[in-house]
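Comments concern the structure below.
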Amino acid sequence: MASAVDHVGSPLRLHADRFFDPDPSVRRAARELYEGIRDLPIICPHGHVDPALLAENSPFPEPTALLIIPDHYIFRMLYSRGVRLEDLGVPTRDGSEVETDPRAIWQRVADQWHLFRGTPSGAWMSHELHEVFGVRERLDGESGQRIYDEIAEKLRSSEFLPRTLFEQFRIEMLATTDAAADPLPHHNKIRASDWSYGRHRVIPAFRPDALFRISLPSWAAEVRALEKVSGETIGSSEALVAALAGRRRYFASLGATATDHGVLEPYTAELAPEEAERLFQRARNGEATTDDQRRYEAHMLMEMARLSTEDGLVMQLHPGSLRDHNSAVWQKFGMDKGADIPVATEFTRNLRPLLNKYGSDPRFSMVLFTLDESTYARELAPLAGHYPALRLGPPWWFHDSIEGMRRYREQVSETAGIYNTAGFNDDTRAFCSIPARHDLARRMDANWVGGLVARHIIEMDEARDVVRALTVDLVRETYRFPAPDA
Amino acid sequence: MASAVDHVGSPLRLHADRFFDPDPSVRRAARELYEGIRDLPIICPHGHVDPALLAENSPFPEPTALLIIPDHYIFRMLYSRGVRLEDLGVPTRDGSEVETDPRAIWQRVADQWHLFRGTPSGAWMSHELHEVFGVRERLDGESGQRIYDEIAEKLRSSEFLPRTLFEQFRIEMLATTDAAADPLPHHNKIRASDWSYGRHRVIPAFRPDALFRISLPSWAAEVRALEKVSGETIGSSEALVAALAGRRRYFASLGATATDHGVLEPYTAELAPEEAERLFQRARNGEATTDDQRRYEAHMLMEMARLSTEDGLVMQLHPGSLRDHNSAVWQKFGMDKGADIPVATEFTRNLRPLLNKYGSDPRFSMVLFTLDESTYARELAPLAGHYPALRLGPPWWFHDSIEGMRRYREQVSETAGIYNTAGFNDDTRAFCSIPARHDLARRMDANWVGGLVARHIIEMDEARDVVRALTVDLVRETYRFPAPDA
Amino acid sequence: MASAVDHVGSPLRLHADRFFDPDPSVRRAARELYEGIRDLPIICPHGHVDPALLAENSPFPEPTALLIIPDHYIFRMLYSRGVRLEDLGVPTRDGSEVETDPRAIWQRVADQWHLFRGTPSGAWMSHELHEVFGVRERLDGESGQRIYDEIAEKLRSSEFLPRTLFEQFRIEMLATTDAAADPLPHHNKIRASDWSYGRHRVIPAFRPDALFRISLPSWAAEVRALEKVSGETIGSSEALVAALAGRRRYFASLGATATDHGVLEPYTAELAPEEAERLFQRARNGEATTDDQRRYEAHMLMEMARLSTEDGLVMQLHPGSLRDHNSAVWQKFGMDKGADIPVATEFTRNLRPLLNKYGSDPRFSMVLFTLDESTYARELAPLAGHYPALRLGPPWWFHDSIEGMRRYREQVSETAGIYNTAGFNDDTRAFCSIPARHDLARRMDANWVGGLVARHIIEMDEARDVVRALTVDLVRETYRFPAPDA
């Protein structure tokens with residue numbers, strides 16, 4: 001048997017100054033600025049947490065089901081080094097066999113944990129293990145099963161119920177992302193519950209993408225689902241827009257302040273009503289091409305912007321990801337399996353119709369994201385530094401990282417201005433990683449602003465205002481959230 | 001009433017080491033290098049100062065008309081946060097009403113001055129207020145009117161006449177930018193004046209863009225203006241080239257050493273004379289399309305390069321800005337209102353015809369600018385590191401900034417070589433900001449070269465040569481300016 | 001006469017901490033990490049050293065023929081500042097006269113040596129002069145002839161024979177790059193020699209590009225050469241593939257572990273056999289267009305990947321260089337004369353067919369390179385962070401530099417993961433520069449990883465593993481080289 005001493009692996013440490021620039025004058029300023037924002041409430045205006053989690057408030061499952069199997073940031077990295085997704089327990093679409101022993105999966109991950117050195121996933125997991133689960137040794141092949149036991153034990157305690165963690169994380173507001181036809185039962189249940197802390201803090205966001213993808217075989221079923229939930233027949237493009245307008249109002253009635261739109265390219269164009277209708281009917285006949293869809297999506301983005309000027313919902317646009325690049329993985333395991341790959345994205349010409357029509361309208365607000373960093377300084381910063389309606393969302397997805405945040409601030413701020421950015425969002429479906437992600441972002445903001453102080457570009461009193469704005473003020477303002485004491 | 005103490009806001013300070021890297025060894029080297037170039041003369045080979053300013057030498061108007069209303073760097077940022085251009089006094093094309101109270105405008109800017117934190121405009125204005133106007137408190141809503149008074153008083157004194165400032169700034173050479181058909185009355189007046197310091201230091205630059213834009217309704221009037229000033233009938237493309245050649249000689253006779261060309265894409269192509277003529281005639285008939293214009297511009301860039309091999313004028317090329325993105329702003333306020341947005345730009349293929357024909361010709365010299373930083377390391381540095389005629393202009397427009405300069409040096413220098421860059425130019429119409437802009441550039445050059453010293457990439461004696469080259473030697477050489485004692 | 005003292009120019013110094021970040025905590029970590037890898041064997045999995053050098057083991061020629069005339073990194077920079085290639089001794093295709101005095105050429109370079117300040121060529125040459133040739137004064141116009149003498153003397157000694165240097169450099173493995181039809185006489189000669197240290201360390205790499213360029217006039221001769229060496233008639237596309245498969249086996253029998261493919265764009269597409277055959281026959285008739293070639297190259301890359309799954313050769317792909325941009329230089333001097341200019345490159349869509357078919361095949365391994373850094377974070381890192389077969393090659397060509405390496409690590413690592421990169425290769429034809437290039441890379445890796453330690457992103461024990469992996473482990477693994485003691 002192993003002795004007690006053998007049980008202790010390398011210590012897991014979170015250094016108080018982690019991620020800060022090592023230069024003493026930057027670090028001193030960063031530390032001071034971070035102290036001022038570390039304990040501010042967490043605001044999550046955009047993410048993918050399952051609302052059922054908070055509606056049910058059931059205990060989380062064991063560690064592997066919680067931390068590994070649903071996290072494509074984790075399993076893609078192991079896949080990239082030759083570990084089969086089956087061996088990581090990723091469920092197949094046809095129900096064919098995969099590894100079902102959570103400890104075996106956990107061990108495979110632990111054995112390869114060095115792959116996450118220098119990655120944001122590695123940094124987040126360290127924070128999560130240390131701060132949420134109290135783990136004090138580094139994850140590796142030797143320590144894996146001990147750490148598994150430690151987390152498993154915690155997950156069985158009432159302190160680790162989702163709502164308890166939500167309060168302990170001090171989340172001020174958490175927006176989920178929900179399909180247009182979703183009847184939002186979980187949001188209704190949360191609102192109707194006696195959970196006083198959380199019931200007005202968990203809100204939906206309106207994501208109607210599926211209704212615009214008229215070339216996909218799945219489109220007809222999406223329309224039928226929308227018909228069912230809205231109780232209207234949708235026989236025309238006009239009727240579709242009307243149904244969407246109704247759903248937007250319904251989402252807003254449950255607290256939603258934003259819509260969310262994912263497209264391959266951010267092409268916008270206002271079509272004549274007859275053309276929109278012709279495309280809709282082609283879709284009804286199953287004849288719509290990918291080019292038809294491109295035009296229809298461009299038109300519906302315009303329509304969504306128009307509706308935003310009426311109902312006040314903030315419009316979020318996320319272009320540039322070519323989804324399901326690996327067809328075999330998609331066929332076997334479905335979407336969101338770490339095989340979405342960015343493409344070069346054009347904003348200046350593509351967004352011109354939309355911004356010309358709505359970009360100076362005080363009722364309209366739009367948040368832009370990109371996976372193509374070459375657009376930061378070239379297109380996005382100049383656009384945000386001109387159009388009143390435009391704010392730049394934080395570095396997204398692959399760029400939600402230490403270096404990604406640095407590049408974003410350095411390339412965006414001088415031209416867009418700090419105050420045309422929208423603060424941080426975690427964009428995560430991994431609920432327990434929320435504090436880790438916000439902490440990393442706060443550190444990187446403090447570090448960047450600390451660098452401005454150390455280079456005498458701004459003074460410390462200004463810097464304190466800036467980091468507070470990046471952490472809470474600009475998020476609330478951009479997403480039209482109520483003031484915290486409202 | 002406010003007491004005397006109440007009148008003192010936060011102090012405005014320019015730290016001696018501002019913008020330098022905080023690392024002590026870099027800072028020490030940067031400071032030493034900066035000391036060696038700080039007081040070198042200012043050379044302005046490319047800019048947009050109105051020559052009337054120096055021809056008339058009238059007192060500057062009050063602060064708002066001098067510093068706010070003409071500066072699209074300033075008002076675009078306020079517009080982007082919801083301040084109407086009308087409320088900032090920006091004149092409308094139809095003369096419709098705008099704010100006319102300069103103090104009210106100034107106050108609106110002062111109230112929002114925090115928007116400029118971390119921006120080059122903020123850094124320039126601080127330098128300008130402190131060094132040119134002697135202001136010692138930070139601009140904000142509270143201090144705004146006091147600072148207005150302070151500047152207004154200065155502007156009434158003879159020490160602040162344009163020519164006095166020109167001499168005080170120690171400007172060695174200042175090139176304006178002038179339309180091909182401009183009779184250059186102000187340059188003639190300056191040359192004919194008794195202003196001994198300045199009369200050979202203010203020179204025009206030849207900008208014929210408007211004559212190449214054959215699809216625009218304004219083209220015919222541009223041709224007529226050129227006919228008038230050149231005294232020739234311009235009935236063919238050949239006649240147009242001949243008239244331009246004549247104007248180039250005229251500009252050169254007033255000291256011009258360079259031409260300047262702004263295009264959306266840097267496409268070059270030598271057309272057969274018949275095709276050029278056909279395009280010209282289509283333009284005369286008002287039938288030229290945008291594609292015709294693209295071809296004609298490509299051809300005329302070739303013609304301009306050819307003329308440069310004859311008259312020795314240095315050819316500057318600025319591609320990549322999609323002008324007047326916001327149609328409503330353009331319709332109401334006209335051009336240069338902060339709504340020009342960059343697009344991705346291709347140089348390798350587009351410039352190949354021109355560089356193949358003239359790029360190795362010792363009589364030819366070309367300076368390239370870009371708004372698409374992804375081309376720095378990919379295209380521009382390799383091109384400049386090969387073609388003898390090519391020099392890279394400094395980081396342009398949105399990239400004329402602390403981080404923009406850093407990216408430029410880091411991405412360009414290793415491949416292009418330091419000595420294939422053209423030094424700094426301020427590209428400004430804001431005369432009083434010239435020292436601020438050159439000081440920032442000198443600091444950033446000293447800082448970057450100081451970093452090379454601190455990393456033992458070059459030695460200090462080499463570094464001193466390099467910063468001097470970047471500040472004066474390469475500018476004079478590139479723009480074929482006379483040696484300073486000539 | 002000059003006195004002895006006059007003979008001593010500025011000292012040439014290689015600072016022990018050169019290229020490291022000046023911050024003391026980064027530098028301390030970098031230095032420690034560098035110490036741990038400095039003396040590891042040099043592995044050269046990709047390069048252009050002439051195998052005849054090691055087969056013949058003749059003394060190197062005098063300094064100019066060794067260090068200047070064949071090095072396009074050097075002469076392109078002088079050309080870019082107006083020195084004619086003729087005056088640098090670069091041989092012309094038609095044998096027309098060029099400078100033949102090596103001392104005159106050397107002097108021209110020495111006179112302009114300041115042009116290399118801050119360039120990788122400058123850093124490599126300093127290391128080469130100091131470490132390989134023992135030079136202790138800086139190269140400049142004054143010291144040039146003395147340094148020439150010093151090197152010339154060394155080159156005549158037996159310590160400077162190629163094989164002696166190879167051993168002294170402690171090269172573990174050196175791959176050359178060889179045309180598909182090359183009978184590899186030099187490799188055979190080395191293998192048959194009594195050179196025990198080197199005979200299994202010098203291996204070929206298989207480069208069949210010329211056979212895919214069906215629109216070039218030279219294609220027919222390439223096919224004939226392949227027919228000759230393979231002893232088969234190549235009358236169909238199928239026969240071409242069969243002949244290439246045979247050559248691949250032959251290369252592998254001489255130790256090759258990799259193939260190498262240079263294309264303008266990394267387009268891949270699997271053509272129907274009839275279409276491939278039709279393109280082949282069009283080529284035979286001299287009718288193939290550049291578009292035909294684009295399709296055929298796309299198809300042949302698929303075929304090469306398929307063959308790799310059979311013979312295990314690692315597939316290297318280098319897209320994005322527009323070769324021979326300067327037609328006049330190409331006509332007079334031929335290829336590889338410093339006039340290859342990168343273009344924007346697309347990987348996500350272009351590689352999808354190939355990666356879908358082979359990217360998850362455990363028998364397949366692919367190494368990608370790019371000259372378009374905007375693809376690092378946008379396309380290459382996400383692709384490498386997903387597909388098991390994919391590894392990212394080191395920063396290539398223009399980006400094989402201090403800043404280029406920094407950008408590569410910062411932009412690639414967080415998303416791709418450190419362990420999906422392939423370590424360094426020198427890609428050089430300049431044999432004597434090999435230690436300089438590897439030393440610079442090791443320093444930059446140590447510096448980047450040291451920065452991770454200083455920012456508490458990873459710990460020192462992890463960092464030591466990482467730098468060792470980057471220096472040797474990942475190179476051996478990626479290129480399927482035998483373990484060093486095998």
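Identifiers for the structure tokens are assigned positionally: chains receive A, B, ... in sequence, residues are indexed from 1 per chain, and ligands are indexed from 1 in the order shown.
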>> Could you work out which residues of chain B fall inside 6 Å of chain C? Count only C-alpha atoms, and format the result as number ranges by chain.
In response: B: 356, 378-379, 382, 385-388, 414, 454-456
Put those residues in a file: N, CA and C atoms, as an mmCIF file, in the first residue's frame.
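For reference, part-v3.cif as written:
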```
data_model
loop_
_atom_site.group_PDB
_atom_site.id
_atom_site.type_symbol
_atom_site.label_atom_id
_atom_site.label_comp_id
_atom_site.auth_asym_id
_atom_site.auth_seq_id
_atom_site.Cartn_x
_atom_site.Cartn_y
_atom_site.Cartn_z
ATOM 1 N N ASN B 356 7.394 45.480 -61.254
ATOM 2 C CA ASN B 356 8.183 44.832 -62.298
ATOM 3 C C ASN B 356 8.745 45.852 -63.273
ATOM 4 N N ARG B 378 3.602 40.111 -43.983
ATOM 5 C CA ARG B 378 3.314 39.171 -45.068
ATOM 6 C C ARG B 378 3.717 39.709 -46.423
ATOM 7 N N GLU B 379 3.456 40.977 -46.706
ATOM 8 C CA GLU B 379 3.664 41.487 -48.054
ATOM 9 C C GLU B 379 4.606 42.684 -48.107
ATOM 10 N N PRO B 382 8.502 41.969 -47.062
ATOM 11 C CA PRO B 382 9.242 41.257 -48.120
ATOM 12 C C PRO B 382 9.401 42.080 -49.402
ATOM 13 N N GLY B 385 11.992 44.680 -48.725
ATOM 14 C CA GLY B 385 13.290 44.019 -48.549
ATOM 15 C C GLY B 385 13.843 43.470 -49.853
ATOM 16 N N HIS B 386 13.136 43.710 -50.931
ATOM 17 C CA HIS B 386 13.662 43.306 -52.244
ATOM 18 C C HIS B 386 13.782 44.481 -53.217
ATOM 19 N N TYR B 387 12.696 45.182 -53.487
ATOM 20 C CA TYR B 387 12.726 46.197 -54.553
ATOM 21 C C TYR B 387 13.475 47.455 -54.119
ATOM 22 N N PRO B 388 14.461 47.858 -54.884
ATOM 23 C CA PRO B 388 15.251 49.043 -54.506
ATOM 24 C C PRO B 388 14.417 50.322 -54.423
ATOM 25 N N GLU B 414 12.458 43.186 -39.157
ATOM 26 C CA GLU B 414 13.353 42.037 -39.351
ATOM 27 C C GLU B 414 13.444 41.641 -40.819
ATOM 28 N N ALA B 454 18.578 46.543 -25.087
ATOM 29 C CA ALA B 454 18.416 45.812 -23.823
ATOM 30 C C ALA B 454 18.432 44.308 -24.047
ATOM 31 N N ARG B 455 18.015 43.883 -25.237
ATOM 32 C CA ARG B 455 18.067 42.452 -25.544
ATOM 33 C C ARG B 455 19.356 42.074 -26.271
ATOM 34 N N HIS B 456 20.287 43.005 -26.326
ATOM 35 C CA HIS B 456 21.604 42.733 -26.921
ATOM 36 C C HIS B 456 21.485 42.286 -28.373
#
```
> Which neighbours of Lys332 of chain B fall inside 8 Å, counting only C-alpha atoms, when residues of the same chain fewer than 5 positions from it are skipped, and could you give them as a list of chain:residue names?
Replying inline: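 In the requested format, the answer is B:Thr92, B:Arg93, B:Asp94.
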> Tell me, which residues of segment 192-373 of chain C carry DSSP helix (DSSP H, G or I), written as a PyMOL selection string?
Replying inline: chain C and resi 192+209-212+219-230+237-253+273-284+290-311+327-333+352-358
>> Give me, as a ChimeraX atom specification, all polymer residues having an atom no more than 12 Å from segment 473-475 of chain B, counting only C-alpha atoms and skipping those fewer than 4 positions away in the same chain.
In response: /B:37,40-46,172-174,257,314,367,391-394,418-425,465-469,479-484
> So, counting only C-alpha atoms, which residue among A:Glu310, A:His48, A:Thr478, A:Arg429 is closest to Ile69 of chain A?
Replying inline: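 With only C-alpha atoms as the atom set, the closest residue is A:Arg429.
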> Which residues come within 8 Å of segment 100-109 of chain C, counting only C-alpha atoms, excluding same-chain residues fewer than 6 positions away, as a list of chain:residue names?
Replying inline: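 Residues near the query, excluding close chain neighbours: C:Glu62, C:Pro63, C:Thr64, C:Ala65, C:Ile68, C:Leu78, C:Asp87, C:Leu88, C:Gly89, C:Gly141, C:Gly144, C:Gln145, C:Tyr148.
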>> Using only C-alpha atoms, can you tell me which of C:Asn188, C:Gly451, C:Ala243, C:Ile74 comes closest to Gly417 of chain B?
In response: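 Of C:Asn188, C:Gly451, C:Ala243, C:Ile74, the one nearest Gly417 of chain B, counting only C-alpha atoms, is C:Ile74.
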>> List as a ChimeraX atom specification the protein and nucleic acid residues near Met125 of chain C, meaning an atom at most 10 Å away when only C-alpha atoms are counted, but skip any in the same chain fewer than 5 places from it.
In response: /C:67,74,116,120,130-132,139,432-433,436-437
Could the residues in this selection be written to a file with N, CA and C atoms, as a compact mmCIF listing (two decimals), in the first residue's frame?
```
# COMPACT_ATOMS: atom_id res chain seq x y z
N LEU C 67 29.71 32.41 -48.03
CA LEU C 67 28.78 33.12 -47.15
C LEU C 67 27.90 34.15 -47.84
N ILE C 74 21.06 37.40 -47.67
CA ILE C 74 22.06 38.47 -47.63
C ILE C 74 21.92 39.40 -48.84
N PHE C 116 21.90 45.25 -41.86
CA PHE C 116 21.41 44.03 -41.21
C PHE C 116 21.14 44.20 -39.72
N PRO C 120 17.38 38.92 -38.60
CA PRO C 120 17.90 37.59 -38.25
C PRO C 120 19.19 37.29 -38.99
N HIS C 130 31.54 34.63 -34.93
CA HIS C 130 32.12 34.53 -33.59
C HIS C 130 32.36 33.09 -33.19
N GLU C 131 31.38 32.22 -33.38
CA GLU C 131 31.44 30.87 -32.83
C GLU C 131 32.10 29.88 -33.78
N VAL C 132 31.83 30.04 -35.09
CA VAL C 132 32.39 29.07 -36.03
C VAL C 132 33.78 29.52 -36.48
N LEU C 139 31.91 43.30 -38.17
CA LEU C 139 32.07 43.49 -39.61
C LEU C 139 31.64 44.91 -40.00
N CYS C 432 26.98 26.39 -42.60
CA CYS C 432 27.70 26.94 -41.45
C CYS C 432 26.82 27.79 -40.54
N SER C 433 25.60 28.09 -40.99
CA SER C 433 24.71 28.90 -40.14
C SER C 433 23.83 28.01 -39.27
N ALA C 436 23.98 28.64 -35.51
CA ALA C 436 23.45 29.97 -35.19
C ALA C 436 21.92 29.95 -35.17
N ARG C 437 21.33 29.31 -36.15
CA ARG C 437 19.87 29.30 -36.25
C ARG C 437 19.24 28.50 -35.11
```
> What does the distance from atom CA of Trp195 of chain B to atom CA of Asp260 of chain B come to in Å, to one decimal?
Replying inline: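 We find that atom CA of Trp195 of chain B and atom CA of Asp260 of chain B lie 27.1 Å from each other.
The space separating atom CA of Arg201 of chain C from atom CA of Leu66 of chain C comes to 22.9 Å.
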Residue contacts of Pro11 of chain A (6 Å, only C-alpha atoms) excluding same-chain residues fewer than 6 positions away, as a JSON list (two decimals) with C-alpha atoms, in the first residue's frame:
```json
[["chain", "number", "residue", "atom", "x", "y", "z"],
["A", 136, "ARG", "CA", -4.28, 21.15, -3.46],
["A", 137, "GLU", "CA", -2.26, 18.83, -5.69],
["A", 138, "ARG", "CA", -1.60, 19.07, -9.40]]
```
If DSSP is run on the backbone, what residues of segment 194-399 of chain C are strand (DSSP E or B)? A reply as an mmCIF file with C-alpha atoms, in the first residue's frame would be ideal.
```
data_model
loop_
_atom_site.group_PDB
_atom_site.id
_atom_site.type_symbol
_atom_site.label_atom_id
_atom_site.label_comp_id
_atom_site.auth_asym_id
_atom_site.auth_seq_id
_atom_site.Cartn_x
_atom_site.Cartn_y
_atom_site.Cartn_z
ATOM 1 C CA VAL C 202 22.124 12.506 -43.572
ATOM 2 C CA ILE C 203 18.801 11.615 -45.181
ATOM 3 C CA PHE C 206 10.988 13.664 -51.169
ATOM 4 C CA ARG C 207 9.856 16.755 -53.078
ATOM 5 C CA ALA C 258 9.181 12.880 -44.919
ATOM 6 C CA THR C 259 7.898 14.395 -48.122
ATOM 7 C CA ASP C 260 7.783 18.111 -48.844
ATOM 8 C CA HIS C 261 5.278 20.064 -50.913
ATOM 9 C CA GLY C 262 5.368 23.693 -51.945
ATOM 10 C CA VAL C 263 2.233 25.209 -53.445
ATOM 11 C CA VAL C 314 5.367 12.513 -42.961
ATOM 12 C CA MET C 315 3.780 15.076 -45.290
ATOM 13 C CA GLN C 316 5.108 18.636 -45.098
ATOM 14 C CA LEU C 317 3.115 21.414 -46.767
ATOM 15 C CA HIS C 318 4.508 24.916 -47.406
ATOM 16 C CA PRO C 319 2.023 27.184 -49.149
ATOM 17 C CA SER C 321 4.880 32.103 -51.573
ATOM 18 C CA LEU C 322 4.455 33.792 -54.917
ATOM 19 C CA ILE C 341 6.774 37.357 -51.895
ATOM 20 C CA PRO C 342 4.062 35.868 -49.666
ATOM 21 C CA MET C 366 1.208 16.230 -41.620
ATOM 22 C CA VAL C 367 3.291 19.320 -40.858
ATOM 23 C CA LEU C 368 1.936 22.700 -41.941
ATOM 24 C CA LEU C 390 -1.704 17.698 -37.781
ATOM 25 C CA ARG C 391 1.359 19.423 -36.384
ATOM 26 C CA LEU C 392 2.389 23.013 -36.932
#
```
